[in-house]
>>> print(open('run.tsv').read())   # TSV, C-alpha atoms and all ligand atoms
chain	number	residue	atom	x	y	z
G	6	MET	CA	136.27	125.30	137.28
G	7	PRO	CA	133.48	122.77	137.88
G	8	PRO	CA	133.06	120.06	135.22
G	9	VAL	CA	130.81	120.86	132.26
G	10	ILE	CA	129.38	117.35	132.47
G	11	SER	CA	129.28	115.58	135.82
G	12	VAL	CA	127.80	112.10	136.07
G	13	LYS	CA	127.61	110.40	139.46
G	14	ASN	CA	126.25	106.96	140.35
G	15	LEU	CA	123.97	107.03	137.34
G	16	ASP	CA	121.79	103.96	136.68
G	17	HIS	CA	119.32	103.61	133.83
G	18	TYR	CA	116.49	101.18	133.17
G	19	PHE	CA	114.33	100.51	130.12
G	20	GLY	CA	110.82	99.07	130.44
G	21	HIS	CA	108.64	98.44	133.46
G	22	GLY	CA	107.66	95.56	135.72
G	23	GLN	CA	108.80	92.15	134.51
G	24	LEU	CA	110.27	93.65	131.35
G	25	CYS	CA	112.37	96.14	133.27
G	26	LYS	CA	115.99	95.90	132.21
G	27	GLN	CA	118.92	97.80	133.67
G	28	VAL	CA	121.26	99.06	130.93
G	29	LEU	CA	123.53	101.50	132.81
G	30	PHE	CA	125.20	100.65	136.11
G	31	ASP	CA	126.75	103.20	138.46
G	32	ILE	CA	128.23	105.47	135.78
G	33	ASN	CA	130.71	108.08	137.00
G	34	LEU	CA	132.29	110.60	134.62
G	35	ASP	CA	133.45	114.21	134.87
G	36	ILE	CA	134.24	116.15	131.71
G	37	TYR	CA	135.76	119.63	131.72
G	38	ALA	CA	135.51	122.62	129.39
G	39	GLY	CA	137.28	122.14	126.07
G	40	GLU	CA	137.95	118.41	126.60
G	41	ILE	CA	137.41	115.88	123.82
G	42	ILE	CA	136.32	112.54	125.29
G	43	ILE	CA	135.94	109.46	123.12
G	44	MET	CA	133.71	106.65	124.35
G	45	THR	CA	134.19	103.22	122.77
G	46	GLY	CA	132.86	99.75	123.56
G	47	PRO	CA	130.83	96.93	122.01
G	48	SER	CA	127.47	97.39	120.37
G	49	GLY	CA	124.63	97.24	122.90
G	50	SER	CA	126.85	98.25	125.82
G	51	GLY	CA	124.90	101.46	126.56
G	52	LYS	CA	126.88	104.20	124.81
G	53	THR	CA	123.96	105.79	122.97
G	54	THR	CA	121.80	105.58	126.09
G	55	LEU	CA	124.39	107.53	128.07
G	56	LEU	CA	124.79	110.08	125.28
G	57	THR	CA	121.05	110.72	125.04
G	58	LEU	CA	120.83	111.15	128.84
G	59	VAL	CA	123.70	113.65	128.83
G	60	GLY	CA	122.01	115.48	125.95
G	61	GLY	CA	118.69	115.76	127.79
G	62	LEU	CA	117.05	113.70	125.04
G	63	ARG	CA	115.75	111.29	127.67
G	64	SER	CA	115.19	111.74	131.41
G	65	ALA	CA	117.74	110.54	133.91
G	66	GLN	CA	116.10	108.30	136.52
G	67	SER	CA	118.58	107.55	139.25
G	68	GLY	CA	121.86	109.05	140.46
G	69	SER	CA	123.08	112.50	139.48
G	70	LEU	CA	123.64	114.04	136.06
G	71	GLN	CA	124.75	117.66	136.03
G	72	ILE	CA	125.15	119.56	132.79
G	73	LEU	CA	126.58	123.08	133.11
G	74	GLU	CA	125.81	122.81	136.84
G	75	GLN	CA	122.12	122.02	136.23
G	76	GLU	CA	120.81	118.75	137.69
G	77	LEU	CA	119.00	116.75	134.99
G	78	CYS	CA	118.08	113.77	137.14
G	79	GLY	CA	114.41	114.24	137.96
G	80	ALA	CA	114.33	117.44	135.88
G	81	LYS	CA	111.07	118.81	134.46
G	82	LYS	CA	110.40	118.87	130.72
G	83	GLY	CA	111.15	122.59	130.51
G	84	GLN	CA	114.56	122.12	132.11
G	85	LEU	CA	115.38	119.32	129.65
G	86	THR	CA	114.39	121.55	126.74
G	87	GLN	CA	116.64	124.26	128.13
G	88	ALA	CA	119.50	121.78	128.49
G	89	ARG	CA	119.06	120.59	124.91
G	90	ARG	CA	119.60	124.14	123.70
G	91	SER	CA	123.11	124.23	125.11
G	92	ASN	CA	124.14	121.17	123.06
G	93	GLY	CA	124.97	120.39	119.47
G	94	TYR	CA	124.23	116.88	118.18
G	95	ILE	CA	125.88	114.89	115.40
G	96	PHE	CA	124.58	111.41	114.64
G	97	GLN	CA	125.78	108.51	112.53
G	98	ALA	CA	123.19	109.26	109.88
G	99	HIS	CA	123.50	112.98	109.23
G	100	ASN	CA	119.71	113.52	109.76
G	101	LEU	CA	119.53	116.39	107.30
G	102	HIS	CA	116.15	117.40	105.91
G	103	GLY	CA	116.07	116.38	102.25
G	104	SER	CA	113.53	119.05	101.33
G	105	LEU	CA	115.65	121.89	102.74
G	106	THR	CA	118.80	123.37	101.20
G	107	VAL	CA	122.17	123.08	102.90
G	108	LEU	CA	121.83	126.65	104.18
G	109	GLN	CA	118.31	126.04	105.51
G	110	ASN	CA	119.45	122.87	107.27
G	111	VAL	CA	122.23	124.71	109.09
G	112	ARG	CA	119.85	127.53	109.97
G	113	MET	CA	117.72	124.98	111.83
G	114	GLY	CA	120.56	124.82	114.34
G	115	LEU	CA	119.82	128.45	115.25
G	116	GLU	CA	116.07	128.30	115.38
G	117	VAL	CA	115.99	127.19	119.02
G	118	HIS	CA	117.65	130.50	119.90
G	119	ASN	CA	114.80	132.97	119.66
G	120	ASN	CA	116.89	136.10	120.13
G	121	ILE	CA	118.56	136.01	116.70
G	122	SER	CA	117.12	137.93	113.73
G	123	SER	CA	116.37	136.15	110.49
G	124	ALA	CA	119.08	138.05	108.62
G	125	GLU	CA	121.68	137.19	111.26
G	126	MET	CA	120.68	133.52	111.17
G	127	LYS	CA	121.36	133.50	107.46
G	128	THR	CA	124.72	135.26	107.77
G	129	ARG	CA	125.91	133.02	110.59
G	130	SER	CA	124.81	129.85	108.79
G	131	ALA	CA	126.60	130.88	105.61
G	132	GLN	CA	129.76	131.71	107.59
G	133	MET	CA	129.66	128.35	109.33
G	134	LEU	CA	129.30	126.57	105.99
G	135	GLU	CA	132.27	128.54	104.71
G	136	GLU	CA	134.28	127.25	107.68
G	137	VAL	CA	133.46	123.63	106.91
G	138	GLY	CA	134.46	124.16	103.29
G	139	LEU	CA	130.99	124.24	101.79
G	140	GLY	CA	130.65	127.96	101.08
G	141	ASP	CA	129.92	127.17	97.44
G	142	ARG	CA	127.15	124.66	98.21
G	143	LEU	CA	124.67	126.83	100.16
G	144	ASN	CA	121.75	126.23	97.82
G	145	TYR	CA	122.38	122.55	97.13
G	146	TYR	CA	120.10	119.87	98.52
G	147	PRO	CA	121.54	117.07	100.70
G	148	ASP	CA	120.96	114.50	97.94
G	149	ASP	CA	123.44	116.34	95.75
G	150	LEU	CA	126.28	116.00	98.29
G	151	SER	CA	128.69	113.18	99.12
G	152	GLY	CA	128.53	111.40	102.50
G	153	GLY	CA	131.46	113.40	103.85
G	154	GLN	CA	129.92	116.66	102.68
G	155	LYS	CA	126.59	115.81	104.31
G	156	GLN	CA	128.36	115.06	107.56
G	157	ARG	CA	130.14	118.41	107.31
G	158	VAL	CA	126.73	120.09	106.95
G	159	ALA	CA	125.62	118.22	110.09
G	160	ILE	CA	128.69	119.54	111.91
G	161	ALA	CA	127.93	123.07	110.74
G	162	ARG	CA	124.35	122.68	112.01
G	163	ALA	CA	125.56	121.35	115.37
G	164	LEU	CA	128.13	124.11	115.88
G	165	VAL	CA	126.40	127.16	114.39
G	166	GLY	CA	124.70	127.94	117.71
G	167	ARG	CA	128.12	127.91	119.45
G	168	PRO	CA	127.12	125.16	121.87
G	169	LYS	CA	129.10	124.53	125.05
G	170	ILE	CA	128.75	120.78	124.49
G	171	VAL	CA	128.79	118.68	121.32
G	172	LEU	CA	127.53	115.11	121.46
G	173	ALA	CA	128.45	112.90	118.52
G	174	ASP	CA	127.23	109.32	118.07
G	175	GLU	CA	129.41	107.38	115.61
G	176	PRO	CA	129.74	110.39	113.31
G	177	THR	CA	132.18	108.63	110.97
G	178	ALA	CA	130.48	105.23	110.77
G	179	ALA	CA	129.06	105.83	107.31
G	180	LEU	CA	132.20	107.43	105.87
G	181	ASP	CA	135.34	106.16	104.18
G	182	SER	CA	138.51	106.56	106.23
G	183	LYS	CA	139.69	109.79	104.59
G	184	SER	CA	136.31	111.55	104.93
G	185	GLY	CA	135.97	110.19	108.47
G	186	ARG	CA	139.31	111.62	109.42
G	187	ASP	CA	138.51	114.98	107.80
G	188	VAL	CA	135.19	115.18	109.62
G	189	VAL	CA	136.65	114.60	113.09
G	190	SER	CA	139.62	116.90	112.46
G	191	LEU	CA	137.12	119.57	111.57
G	192	MET	CA	135.09	118.94	114.72
G	193	GLN	CA	138.28	119.13	116.76
G	194	LYS	CA	139.40	122.41	115.16
G	195	LEU	CA	136.03	124.14	115.49
G	196	ALA	CA	135.55	122.90	119.05
G	197	LYS	CA	138.98	124.15	120.13
G	198	GLU	CA	138.20	127.54	118.56
G	199	GLN	CA	134.89	127.75	120.42
G	200	ASP	CA	136.23	126.13	123.63
G	201	CYS	CA	133.50	123.56	123.48
G	202	THR	CA	133.45	120.11	125.09
G	203	ILE	CA	133.00	117.06	122.86
G	204	LEU	CA	131.72	113.64	123.88
G	205	LEU	CA	132.11	111.35	120.89
G	206	VAL	CA	131.07	107.71	120.60
G	207	THR	CA	132.98	105.69	118.04
G	208	HIS	CA	134.13	102.24	116.97
G	209	ASP	CA	136.59	103.84	114.61
G	210	ASN	CA	140.12	103.15	115.90
G	211	ARG	CA	141.60	105.48	113.31
G	212	ILE	CA	140.30	108.58	115.07
G	213	LEU	CA	141.14	107.76	118.71
G	214	ASP	CA	144.15	110.10	118.66
G	215	ILE	CA	141.96	113.23	118.59
G	216	ALA	CA	140.79	112.43	122.14
G	217	ASP	CA	142.16	114.04	125.27
G	218	ARG	CA	140.79	111.01	127.10
G	219	ILE	CA	139.24	107.68	126.11
G	220	VAL	CA	136.62	105.89	128.19
G	221	TYR	CA	135.32	102.39	127.58
G	222	MET	CA	131.77	101.09	128.04
G	223	GLU	CA	131.05	97.39	128.55
G	224	ASP	CA	127.80	95.80	129.68
G	225	GLY	CA	126.50	99.14	130.91
G	226	LYS	CA	129.58	99.88	133.01
G	227	LEU	CA	132.05	102.64	132.27
G	228	ILE	CA	135.74	101.99	132.64
G	229	ASN	CA	137.99	105.05	132.69
G	230	ASP	CA	141.11	105.48	130.56
G	231	ARG	CA	143.66	104.09	133.02
G	232	ALA	CA	141.66	100.93	133.49
G	233	VAL	CA	141.51	100.46	129.71
G	234	VAL	CA	145.29	100.64	129.50
G	235	ALA	CA	145.66	98.26	132.45
G	236	ALA	CA	143.21	95.78	130.96
G	237	SER	CA	144.75	95.71	127.46
U	1	LIG	P1	125.18	101.09	122.20
U	1	LIG	O1	124.93	102.49	121.76
U	1	LIG	O2	126.42	100.92	123.01
U	1	LIG	O3	125.16	100.13	121.04
U	1	LIG	P2	122.55	101.30	123.43
U	1	LIG	O4	122.67	102.38	124.43
U	1	LIG	O5	121.89	101.63	122.14
U	1	LIG	O6	123.99	100.65	123.17
U	1	LIG	O7	121.76	100.08	124.07
U	1	LIG	C1	122.07	99.56	125.36
U	1	LIG	C2	121.03	98.50	125.72
U	1	LIG	O8	119.78	99.12	125.91
U	1	LIG	C3	120.83	97.44	124.65
U	1	LIG	O9	120.62	96.22	125.31
U	1	LIG	C4	119.59	97.89	123.93
U	1	LIG	O10	118.91	96.80	123.38
U	1	LIG	C5	118.80	98.56	125.05
U	1	LIG	N1	117.96	99.66	124.56
U	1	LIG	C6	118.37	100.76	123.91
U	1	LIG	N2	117.36	101.60	123.65
U	1	LIG	C7	116.24	101.02	124.17
U	1	LIG	C8	114.86	101.38	124.24
U	1	LIG	N3	114.42	102.55	123.73
U	1	LIG	N4	114.02	100.52	124.85
U	1	LIG	C9	114.45	99.36	125.38
U	1	LIG	N5	115.73	98.96	125.35
U	1	LIG	C10	116.63	99.76	124.76
U	2	MG	MG	124.78	103.27	119.80
>>> encode(input="run.tsv", output="structure tokens", more="lines below")
Ligand code: ADP
Ligand code: MG
Amino acid sequence: MPPVISVKNLDHYFGHGQLCKQVLFDINLDIYAGEIIIMTGPSGSGKTTLLTLVGGLRSAQSGSLQILEQELCGAKKGQLTQARRSNGYIFQAHNLHGSLTVLQNVRMGLEVHNNISSAEMKTRSAQMLEEVGLGDRLNYYPDDLSGGQKQRVAIARALVGRPKIVLADEPTAALDSKSGRDVVSLMQKLAKEQDCTILLVTHDNRILDIADRIVYMEDGKLINDRAVVAAS
């Protein structure tokens, strides 16, 4: 089986001309179906940049970045949009819409798939919320939920479309340790059920054990798991 995510010799630059700054240097990383990879490293080292490139949220400039065997480096807008549809995203701030109910927020995760009827969207969203333990909160608004509950809604929204890849950027940063743990355990369980690949950025040492593999980013360079062990 080819890797689900295959990054080769990837460089990335922000800005132009004199202000041009290289933030990623020769990144190489292969991730396979069903793997949970945790990426750690200091603030400003390039973790979010790499995650957004993998997610098709920004264009890859140099090297090779293949997602589900599609090359994203030099890809057209339409291809990036297509790539984004195969991913679920979970961010540090849950990014829920305050004016929409919990159910409507999760439904948003299905609206990029235009082959699903309105009734089915509702059923699937409600089922997903049941799975994350919020079956009795469908008509609540985000403001009426705790931080951990909001993050569980964000997980439901990310996973309701059964994505092949879930990208999570510090999903537990705003949570206490118990809620943080619950949230990642839930991600792990749902991902294993759906055979989905997770790339998760975190500073939270308490959740490292859910990873199949840990990679470390420093100054825009990625060090694989063996090197981390050797260096520590
Ligand atoms: P991390 O997620 O590891 O904290 P980032 O990927 O956010 O790191 O940032 C890596 C580097 O790129 C930092 O030096 C940051 O200032 C810079 N950077 C991030 N986003 C932008 C941007 N949109 N424009 C210019 N520089 C950026
Ligand atoms: Mg970041």
>>> residues_around(input="run.tsv", residues="G:Asn110", least_positions_apart="4", cutoff="12 Å", atoms="all atoms listed in the file", output="PyMOL selection string")
chain G and resi 99-106+114-116+126-127+130-131+133-134+143-147+155-163+165
>>> atom_distance(input="run.tsv", atom1="atom CA of G:Leu204", atom2="atom CA of G:Pro176")
11.2 Å
>>> residues_near_ligand(input="run.tsv", ligand="ligand MG 2 (chain U)", cutoff="12 Å", atoms="only C-alpha atoms and all ligand atoms", output="PDB file with C-alpha atoms, in the frame of the given file")
ATOM      1  CA  MET G  44     133.710 106.650 124.350  1.00  0.00           C
ATOM      2  CA  THR G  45     134.190 103.220 122.770  1.00  0.00           C
ATOM      3  CA  GLY G  46     132.860  99.750 123.560  1.00  0.00           C
ATOM      4  CA  PRO G  47     130.830  96.930 122.010  1.00  0.00           C
ATOM      5  CA  SER G  48     127.470  97.390 120.370  1.00  0.00           C
ATOM      6  CA  GLY G  49     124.630  97.240 122.900  1.00  0.00           C
ATOM      7  CA  SER G  50     126.850  98.250 125.820  1.00  0.00           C
ATOM      8  CA  GLY G  51     124.900 101.460 126.560  1.00  0.00           C
ATOM      9  CA  LYS G  52     126.880 104.200 124.810  1.00  0.00           C
ATOM     10  CA  THR G  53     123.960 105.790 122.970  1.00  0.00           C
ATOM     11  CA  THR G  54     121.800 105.580 126.090  1.00  0.00           C
ATOM     12  CA  LEU G  55     124.390 107.530 128.070  1.00  0.00           C
ATOM     13  CA  LEU G  56     124.790 110.080 125.280  1.00  0.00           C
ATOM     14  CA  THR G  57     121.050 110.720 125.040  1.00  0.00           C
ATOM     15  CA  PHE G  96     124.580 111.410 114.640  1.00  0.00           C
ATOM     16  CA  GLN G  97     125.780 108.510 112.530  1.00  0.00           C
ATOM     17  CA  ALA G  98     123.190 109.260 109.880  1.00  0.00           C
ATOM     18  CA  ALA G 173     128.450 112.900 118.520  1.00  0.00           C
ATOM     19  CA  ASP G 174     127.230 109.320 118.070  1.00  0.00           C
ATOM     20  CA  GLU G 175     129.410 107.380 115.610  1.00  0.00           C
ATOM     21  CA  PRO G 176     129.740 110.390 113.310  1.00  0.00           C
ATOM     22  CA  ALA G 178     130.480 105.230 110.770  1.00  0.00           C
ATOM     23  CA  LEU G 205     132.110 111.350 120.890  1.00  0.00           C
ATOM     24  CA  VAL G 206     131.070 107.710 120.600  1.00  0.00           C
ATOM     25  CA  THR G 207     132.980 105.690 118.040  1.00  0.00           C
ATOM     26  CA  HIS G 208     134.130 102.240 116.970  1.00  0.00           C
ATOM     27  CA  MET G 222     131.770 101.090 128.040  1.00  0.00           C
ATOM     28  CA  GLY G 225     126.500  99.140 130.910  1.00  0.00           C
TER      29      GLY G 225
END
>>> residues_around(input="run.tsv", residues="G:Ser182", least_positions_apart="3", cutoff="12 Å", atoms="all atoms listed in the file", output="NGL selection string")
:G and (152-153 or 176-179 or 185-189 or 209-212)
>>> closest_residue(input="run.tsv", among="G:Leu24, G:Ala124, G:Ile32, G:Val137", to="ligand LIG 1 (chain U)", atoms="only C-alpha atoms and all ligand atoms")
G:Leu24
>>> axis_aligned_box(input="run.tsv", around="ligand LIG 1 (chain U)", padding_each_side="8 Å", output="AutoDock Vina command-line options")
--center_x 120.2 --center_y 99.4 --center_z 123.5 --size_x 28.4 --size_y 22.3 --size_z 20.9
>>> atom_distance(input="run.tsv", atom1="atom CA of G:Thr202", atom2="atom N4 of ligand LIG 1 (chain U)")
27.6 Å
>>> closest_residue(input="run.tsv", among="G:Ile10, G:Gln66, G:Ile170, G:Glu198", to="G:Phe30", atoms="only C-alpha atoms")
G:Gln66
>>> closest_residue(input="run.tsv", among="G:Gly83, G:Gly60, G:Gly166, G:Arg218", to="G:Val111", atoms="only C-alpha atoms")
G:Gly166
>>> atom_distance(input="run.tsv", atom1="atom CA of G:Asn14", atom2="atom CA of G:Lys26")
17.1 Å
>>> closest_residue(input="run.tsv", among="G:Arg129, G:Pro7, G:Ser190, G:Asp224", to="ligand LIG 1 (chain U)", atoms="only C-alpha atoms and all ligand atoms")
G:Asp224
>>> closest_residue(input="run.tsv", among="G:Asp214, G:Gly138, G:Glu223, G:Asn92", to="ligand LIG 1 (chain U)", atoms="all atoms listed in the file")
G:Glu223
>>> closest_residue(input="run.tsv", among="G:Leu172, G:Ala88, G:Leu180, G:Leu62", to="G:Met192", atoms="only C-alpha atoms")
G:Leu172
